[in-house]
Amino acid sequence: MKIIQVTDLHLVTPGEWLCGLDPLARLQACIADINQHHSDAALVIFTGDLSETGDEMTYRALAKEVAALVPPFRLMLGNHDDRLAFRQVFGGDGDDGFVHGVEDTPEGRLIMLDTLLPGRPEGQLDDGRLHWLQQRLDEARDRPVFLFSHHPPFPIHMPLLDRMGIIEADALHALLKHHGNVRHIFAGHAHRPIAGSWRGIPVSVLRGTNHQSALDFSPDRIAVTHEPPAYAVIFIDRDTVIAHFHDFLDRSATYR
């Protein structure tokens, strides 16, 4: 099974720029590249910060662009997003007000979390959302689970970004440990290519489609960079989870 992860679009009003870049043009290039090279993907998952401002206009611009995607897609929310504005454009399932969901596949269950805490950069999984997650994990029983979250629940050792993780990380881990078959956590938010493990669970993070975070481990600073944007090409089967981070604007000549 092939899954594409795209994250941190940070769309602004069409025609405007952010951090010296055009987020909409970069999203268009990302979608064109996915359609050209990965039209066979089972799913494209956008892991939050779809908008920079949370304005309804940005979601309408997004709706126009994702309509061109060949594979099916799922949209998640990040700390820059606005649930009400998002649902005005895309609607939403359920009556709990959150934008979370599942996809059952031949390789296991994909669970997509809503970690948005309005007005704050941190992520939240309050009692209601943790209960929802517990139910979805219980339904999966002994099937493999793959978790998608905008906010990483694990430290990445960049102190300022670590203070913007999921507040209830310990409670989340307890649920995942109880299920016992969570094979990977895919996150966004940090705008960095990162891989490792958290208390025994493999994890990964990738760059956004617009601006990035500098590799800076100082305690109180995040610098914005123009490092290449990327998406992840994820292969999942019975034995492996492999994620390739693809710099989709790279046009390096092939050496033969």
# chains A, B, ... in the order shown; residues from 1 in each chain; ligands from 1

$ residues_around --residues "A:Asp239" --least-positions-apart "5" --cutoff "12 Å" --atoms "only C-alpha atoms" --output "MDAnalysis selection string"
chainID A and resid 1 107 144 183

$ write_last_selection --atoms "C-alpha atoms" --output "PDB file, in the first residue's frame"
ATOM      1  CA  MET A   1       0.000   0.000   0.000  1.00  0.00           C
ATOM      2  CA  GLU A 107      -2.740  -3.359   5.815  1.00  0.00           C
ATOM      3  CA  PRO A 144      -2.091  -2.896  12.930  1.00  0.00           C
ATOM      4  CA  ARG A 183       3.309   0.446  13.938  1.00  0.00           C
TER       5      ARG A 183
END

$ select_by_dssp --residues "stretch 55-105 of chain A" --states "strand (DSSP E)" --output "list in words"
Phe73, Arg74, Leu75, Met76, Gly101, Val102, Glu103, Asp104 and Thr105 of chain A

$ write_last_selection --atoms "C-alpha atoms" --output "PDB file, in the first residue's frame"
ATOM      1  CA  PHE A  73      -7.389  12.374   0.040  1.00  0.00           C
ATOM      2  CA  ARG A  74      -8.055  13.153   3.707  1.00  0.00           C
ATOM      3  CA  LEU A  75      -7.581  16.564   5.333  1.00  0.00           C
ATOM      4  CA  MET A  76      -6.463  17.083   8.938  1.00  0.00           C
ATOM      5  CA  GLY A 101     -11.392   9.974  11.309  1.00  0.00           C
ATOM      6  CA  VAL A 102     -10.268   6.511  10.281  1.00  0.00           C
ATOM      7  CA  GLU A 103      -9.515   4.631   7.089  1.00  0.00           C
ATOM      8  CA  ASP A 104      -9.544   0.846   7.175  1.00  0.00           C
ATOM      9  CA  THR A 105      -7.174  -0.693   4.654  1.00  0.00           C
TER      10      THR A 105
END

$ closest_residue --among "A:Ile111, A:Ala190, A:Val182, A:Ile167" --to "A:Leu215" --atoms "only C-alpha atoms"
A:Ala190

$ select_by_dssp --residues "stretch 72-140 of chain A" --states "helix (DSSP H, G or I)" --output "ChimeraX atom specification"
/A:83-90,127-140

$ residues_around --residues "A:Gly200" --least-positions-apart "6" --cutoff "12 Å" --atoms "only C-alpha atoms" --output "list of chain:residue names"
A:Phe154, A:His173, A:Leu176, A:Lys177, A:Gly180, A:Asn181, A:Val182, A:Arg183, A:His184, A:Ile185

$ closest_residue --among "A:Arg238, A:Arg83, A:His226, A:Arg221" --to "A:Pro159" --atoms "only C-alpha atoms"
A:Arg221

$ closest_residue --among "A:Ala232, A:Ala41, A:Ala25, A:Leu117" --to "A:Asp247" --atoms "only C-alpha atoms"
A:Ala232

$ residues_around --residues "A:Asp126" --least-positions-apart "6" --cutoff "10 Å" --atoms "only C-alpha atoms" --output "ChimeraX atom specification"
/A:115,117,132,167-168,171-172

$ closest_residue --among "A:Lys64, A:His191, A:His157, A:Arg199" --to "A:Pro219" --atoms "only C-alpha atoms"
A:His157

$ closest_residue --among "A:Cys30, A:Pro72, A:Ala187, A:Ile156" --to "A:Leu113" --atoms "only C-alpha atoms"
A:Ala187

$ closest_residue --among "A:Met112, A:Phe248, A:Ala61, A:Glu122" --to "A:Asn35" --atoms "only C-alpha atoms"
A:Phe248

$ atom_distance --atom1 "atom CA of A:Gly165" --atom2 "atom CA of A:Thr225"
20.8 Å

$ residues_around --residues "A:Gly78" --least-positions-apart "6" --cutoff "6 Å" --atoms "only C-alpha atoms" --output "list in words"
Gly48, Asp49, Leu116 and His150 of chain A

$ residues_around --residues "stretch 203-214 of chain A" --least-positions-apart "6" --cutoff "9 Å" --atoms "only C-alpha atoms" --output "MDAnalysis selection string"
chainID A and resid 5:11 18:24 26:27 30 152 154 183:197 222:232 243 245

$ write_last_selection --atoms "N, CA and C atoms" --output "compact mmCIF listing (two decimals), in the first residue's frame"
# COMPACT_ATOMS: atom_id res chain seq x y z
N GLN A 5 1.97 11.47 2.31
CA GLN A 5 1.73 12.46 3.36
C GLN A 5 2.21 13.82 2.90
N VAL A 6 1.33 14.81 3.03
CA VAL A 6 1.65 16.21 2.74
C VAL A 6 1.31 17.00 4.00
N THR A 7 2.12 17.99 4.33
CA THR A 7 1.84 18.70 5.57
C THR A 7 2.19 20.18 5.48
N ASP A 8 1.57 20.96 6.35
CA ASP A 8 1.93 22.36 6.59
C ASP A 8 1.95 23.19 5.31
N LEU A 9 0.75 23.33 4.73
CA LEU A 9 0.59 24.12 3.50
C LEU A 9 0.64 25.61 3.79
N HIS A 10 0.06 26.04 4.90
CA HIS A 10 0.04 27.44 5.35
C HIS A 10 -0.48 28.37 4.25
N LEU A 11 -1.63 28.02 3.69
CA LEU A 11 -2.19 28.84 2.62
C LEU A 11 -2.64 30.20 3.15
N LEU A 18 3.89 34.28 1.70
CA LEU A 18 4.21 34.05 3.10
C LEU A 18 5.67 33.64 3.20
N CYS A 19 6.42 34.35 4.04
CA CYS A 19 7.85 34.05 4.22
C CYS A 19 8.60 34.13 2.89
N GLY A 20 8.18 35.08 2.04
CA GLY A 20 8.86 35.27 0.76
C GLY A 20 8.55 34.22 -0.28
N LEU A 21 7.50 33.43 -0.06
CA LEU A 21 7.14 32.34 -0.96
C LEU A 21 5.64 32.37 -1.23
N ASP A 22 5.23 31.70 -2.30
CA ASP A 22 3.82 31.62 -2.67
C ASP A 22 3.28 30.24 -2.27
N PRO A 23 2.58 30.13 -1.13
CA PRO A 23 2.12 28.81 -0.68
C PRO A 23 1.19 28.12 -1.66
N LEU A 24 0.34 28.88 -2.35
CA LEU A 24 -0.59 28.26 -3.27
C LEU A 24 0.13 27.66 -4.47
N ARG A 26 3.12 26.58 -4.55
CA ARG A 26 3.85 25.39 -4.10
C ARG A 26 2.92 24.20 -3.91
N LEU A 27 1.73 24.45 -3.41
CA LEU A 27 0.76 23.37 -3.31
C LEU A 27 0.40 22.84 -4.69
N CYS A 30 3.08 20.64 -5.84
CA CYS A 30 3.06 19.39 -5.08
C CYS A 30 2.01 18.44 -5.65
N PRO A 152 3.51 16.46 16.84
CA PRO A 152 4.21 15.28 17.35
C PRO A 152 3.98 15.14 18.86
N PHE A 154 5.93 13.40 20.64
CA PHE A 154 7.27 13.04 21.09
C PHE A 154 8.21 14.24 20.98
N ARG A 183 2.06 0.70 14.67
CA ARG A 183 3.31 0.45 13.94
C ARG A 183 4.06 1.71 13.57
N HIS A 184 3.37 2.88 13.57
CA HIS A 184 4.08 4.11 13.19
C HIS A 184 3.21 5.31 13.55
N ILE A 185 3.86 6.42 13.91
CA ILE A 185 3.20 7.71 14.08
C ILE A 185 3.79 8.67 13.05
N PHE A 186 2.93 9.26 12.22
CA PHE A 186 3.33 10.24 11.22
C PHE A 186 2.84 11.61 11.67
N ALA A 187 3.73 12.60 11.71
CA ALA A 187 3.36 13.93 12.21
C ALA A 187 3.86 15.01 11.27
N GLY A 188 3.38 16.24 11.53
CA GLY A 188 3.83 17.43 10.83
C GLY A 188 4.32 18.45 11.83
N HIS A 189 3.93 19.72 11.62
CA HIS A 189 4.10 20.80 12.60
C HIS A 189 5.52 21.35 12.70
N ALA A 190 6.52 20.48 12.67
CA ALA A 190 7.89 20.91 12.93
C ALA A 190 8.61 21.42 11.70
N HIS A 191 8.10 21.14 10.52
CA HIS A 191 8.74 21.59 9.26
C HIS A 191 10.20 21.09 9.18
N ARG A 192 10.43 19.86 9.62
CA ARG A 192 11.75 19.25 9.58
C ARG A 192 11.63 17.80 9.13
N PRO A 193 12.66 17.26 8.43
CA PRO A 193 12.68 15.82 8.15
C PRO A 193 13.29 15.09 9.35
N ILE A 194 12.46 14.30 10.04
CA ILE A 194 12.86 13.67 11.30
C ILE A 194 12.37 12.23 11.30
N ALA A 195 13.19 11.32 11.81
CA ALA A 195 12.77 9.93 11.98
C ALA A 195 13.40 9.38 13.24
N GLY A 196 12.69 8.47 13.89
CA GLY A 196 13.21 7.86 15.10
C GLY A 196 12.15 6.98 15.73
N SER A 197 12.18 6.89 17.06
CA SER A 197 11.16 6.13 17.77
C SER A 197 10.84 6.83 19.08
N ILE A 222 13.28 29.87 16.70
CA ILE A 222 13.01 29.09 15.49
C ILE A 222 13.22 30.02 14.31
N ALA A 223 14.13 29.70 13.45
CA ALA A 223 14.38 30.50 12.25
C ALA A 223 13.68 29.84 11.06
N VAL A 224 13.10 30.66 10.20
CA VAL A 224 12.44 30.17 8.99
C VAL A 224 13.47 30.06 7.88
N THR A 225 13.43 28.97 7.13
CA THR A 225 14.36 28.78 6.01
C THR A 225 13.59 28.50 4.73
N HIS A 226 14.32 28.58 3.61
CA HIS A 226 13.79 28.20 2.31
C HIS A 226 14.36 26.87 1.87
N GLU A 227 14.58 25.96 2.81
CA GLU A 227 14.95 24.59 2.43
C GLU A 227 13.85 24.01 1.55
N PRO A 228 14.18 23.00 0.73
CA PRO A 228 13.19 22.51 -0.24
C PRO A 228 11.94 21.96 0.43
N PRO A 229 10.78 22.20 -0.16
CA PRO A 229 9.56 21.56 0.33
C PRO A 229 9.55 20.08 -0.03
N ALA A 230 8.76 19.31 0.71
CA ALA A 230 8.76 17.87 0.49
C ALA A 230 7.39 17.28 0.78
N TYR A 231 7.16 16.09 0.24
CA TYR A 231 6.09 15.23 0.71
C TYR A 231 6.69 13.85 0.95
N ALA A 232 5.97 13.00 1.66
CA ALA A 232 6.46 11.66 1.97
C ALA A 232 5.72 10.63 1.14
N ALA A 243 9.27 5.20 4.60
CA ALA A 243 8.88 6.56 4.20
C ALA A 243 10.03 7.22 3.45
N PHE A 245 11.23 10.77 1.77
CA PHE A 245 10.96 12.20 1.79
C PHE A 245 11.41 12.78 0.45

$ closest_atom_pairs --of "stretch 79-160 of chain A" --to "stretch 53-58 of chain A" --cutoff "6 Å" --atoms "only C-alpha atoms" --output "CSV"
residue,atom,partner,partner_atom,distance
A:Asp81,CA,A:Gly54,CA,4.6
A:Asp82,CA,A:Gly54,CA,4.7
A:Ala85,CA,A:Glu56,CA,4.9

$ atom_distance --atom1 "atom CA of A:Leu110" --atom2 "atom CA of A:Gln28"
25.6 Å

$ residues_around --residues "A:Ile3" --least-positions-apart "5" --cutoff "10 Å" --atoms "only C-alpha atoms" --output "count of residues only"
15

$ decode --residues "stretch 134-181 of chain A" --atoms "N, CA and C atoms" --output "short mmCIF file (atom, residue, chain, number, x, y, z; two decimals), in the first residue's frame"
data_model
loop_
_atom_site.label_atom_id
_atom_site.label_comp_id
_atom_site.auth_asym_id
_atom_site.auth_seq_id
_atom_site.Cartn_x
_atom_site.Cartn_y
_atom_site.Cartn_z
N GLN A 134 -9.69 5.89 22.00
CA GLN A 134 -9.77 4.57 22.63
C GLN A 134 -10.79 3.68 21.93
N GLN A 135 -11.93 4.25 21.57
CA GLN A 135 -12.95 3.48 20.85
C GLN A 135 -12.43 3.00 19.50
N ARG A 136 -11.74 3.87 18.79
CA ARG A 136 -11.22 3.49 17.47
C ARG A 136 -10.13 2.42 17.59
N LEU A 137 -9.32 2.51 18.64
CA LEU A 137 -8.30 1.48 18.87
C LEU A 137 -8.95 0.16 19.26
N ASP A 138 -9.97 0.21 20.10
CA ASP A 138 -10.66 -1.01 20.50
C ASP A 138 -11.30 -1.70 19.30
N GLU A 139 -11.85 -0.91 18.39
CA GLU A 139 -12.44 -1.48 17.19
C GLU A 139 -11.40 -2.21 16.34
N ALA A 140 -10.17 -1.69 16.37
CA ALA A 140 -9.10 -2.30 15.56
C ALA A 140 -8.62 -3.62 16.16
N ARG A 141 -8.86 -3.82 17.44
CA ARG A 141 -8.47 -5.06 18.13
C ARG A 141 -7.01 -5.39 17.86
N ASP A 142 -6.76 -6.53 17.19
CA ASP A 142 -5.37 -6.94 16.98
C ASP A 142 -4.83 -6.51 15.61
N ARG A 143 -5.57 -5.64 14.91
CA ARG A 143 -5.08 -5.17 13.62
C ARG A 143 -4.01 -4.10 13.80
N PRO A 144 -3.08 -3.98 12.86
CA PRO A 144 -2.09 -2.90 12.93
C PRO A 144 -2.77 -1.53 12.84
N VAL A 145 -2.22 -0.56 13.55
CA VAL A 145 -2.72 0.81 13.53
C VAL A 145 -1.58 1.74 13.13
N PHE A 146 -1.90 2.72 12.30
CA PHE A 146 -0.96 3.75 11.87
C PHE A 146 -1.59 5.08 12.22
N LEU A 147 -0.89 5.88 13.01
CA LEU A 147 -1.46 7.10 13.58
C LEU A 147 -0.91 8.32 12.86
N PHE A 148 -1.82 9.24 12.49
CA PHE A 148 -1.44 10.51 11.86
C PHE A 148 -1.88 11.64 12.77
N SER A 149 -0.95 12.54 13.08
CA SER A 149 -1.22 13.65 14.00
C SER A 149 -0.47 14.88 13.50
N HIS A 150 -1.13 16.03 13.54
CA HIS A 150 -0.38 17.24 13.18
C HIS A 150 0.76 17.46 14.16
N HIS A 151 0.44 17.50 15.44
CA HIS A 151 1.46 17.74 16.46
C HIS A 151 2.20 16.45 16.80
N PRO A 152 3.51 16.46 16.84
CA PRO A 152 4.21 15.28 17.35
C PRO A 152 3.98 15.14 18.86
N PRO A 153 3.65 13.95 19.34
CA PRO A 153 3.54 13.76 20.78
C PRO A 153 4.90 13.49 21.43
N PHE A 154 5.93 13.40 20.64
CA PHE A 154 7.27 13.04 21.09
C PHE A 154 8.21 14.24 20.98
N PRO A 155 9.26 14.31 21.81
CA PRO A 155 10.22 15.40 21.70
C PRO A 155 11.12 15.23 20.48
N ILE A 156 11.45 16.35 19.85
CA ILE A 156 12.40 16.31 18.73
C ILE A 156 13.71 17.00 19.11
N HIS A 157 13.81 17.43 20.36
CA HIS A 157 15.02 18.04 20.92
C HIS A 157 15.36 19.39 20.29
N MET A 158 14.31 20.05 19.80
CA MET A 158 14.38 21.47 19.46
C MET A 158 13.46 22.15 20.48
N PRO A 159 14.04 22.77 21.52
CA PRO A 159 13.27 23.11 22.72
C PRO A 159 12.00 23.92 22.49
N LEU A 160 12.06 24.93 21.63
CA LEU A 160 10.88 25.76 21.43
C LEU A 160 9.76 24.95 20.78
N LEU A 161 10.10 24.11 19.80
CA LEU A 161 9.10 23.28 19.17
C LEU A 161 8.58 22.20 20.12
N ASP A 162 9.45 21.72 20.99
CA ASP A 162 9.00 20.70 21.95
C ASP A 162 7.96 21.25 22.92
N ARG A 163 8.00 22.55 23.17
CA ARG A 163 6.98 23.15 24.03
C ARG A 163 5.64 23.31 23.31
N MET A 164 5.61 22.98 22.03
CA MET A 164 4.39 23.08 21.23
C MET A 164 3.89 21.70 20.80
N GLY A 165 4.21 20.67 21.56
CA GLY A 165 3.74 19.33 21.24
C GLY A 165 2.36 19.07 21.82
N ILE A 166 1.99 17.80 21.95
CA ILE A 166 0.69 17.42 22.50
C ILE A 166 0.77 17.42 24.02
N ILE A 167 -0.11 18.17 24.64
CA ILE A 167 -0.08 18.33 26.10
C ILE A 167 -0.28 16.98 26.78
N GLU A 168 -1.20 16.17 26.27
CA GLU A 168 -1.54 14.90 26.90
C GLU A 168 -0.76 13.73 26.29
N ALA A 169 0.53 13.93 26.01
CA ALA A 169 1.32 12.90 25.35
C ALA A 169 1.36 11.60 26.16
N ASP A 170 1.48 11.70 27.47
CA ASP A 170 1.55 10.49 28.29
C ASP A 170 0.25 9.69 28.22
N ALA A 171 -0.89 10.38 28.27
CA ALA A 171 -2.17 9.70 28.17
C ALA A 171 -2.34 9.06 26.80
N LEU A 172 -1.87 9.74 25.76
CA LEU A 172 -1.91 9.17 24.41
C LEU A 172 -1.08 7.89 24.36
N HIS A 173 0.13 7.96 24.90
CA HIS A 173 1.00 6.78 24.85
C HIS A 173 0.37 5.59 25.57
N ALA A 174 -0.30 5.86 26.69
CA ALA A 174 -0.92 4.78 27.44
C ALA A 174 -1.96 4.05 26.59
N LEU A 175 -2.74 4.80 25.81
CA LEU A 175 -3.72 4.16 24.93
C LEU A 175 -3.05 3.35 23.83
N LEU A 176 -1.99 3.91 23.25
CA LEU A 176 -1.29 3.21 22.17
C LEU A 176 -0.61 1.95 22.70
N LYS A 177 -0.03 2.04 23.88
CA LYS A 177 0.62 0.87 24.47
C LYS A 177 -0.39 -0.22 24.77
N HIS A 178 -1.57 0.17 25.25
CA HIS A 178 -2.61 -0.81 25.56
C HIS A 178 -3.05 -1.56 24.30
N HIS A 179 -3.16 -0.83 23.18
CA HIS A 179 -3.52 -1.50 21.93
C HIS A 179 -2.43 -2.47 21.51
N GLY A 180 -1.17 -2.03 21.61
CA GLY A 180 -0.04 -2.92 21.44
C GLY A 180 0.42 -3.17 20.02
N ASN A 181 -0.26 -2.61 19.02
CA ASN A 181 0.13 -2.88 17.64
C ASN A 181 0.10 -1.60 16.81
#
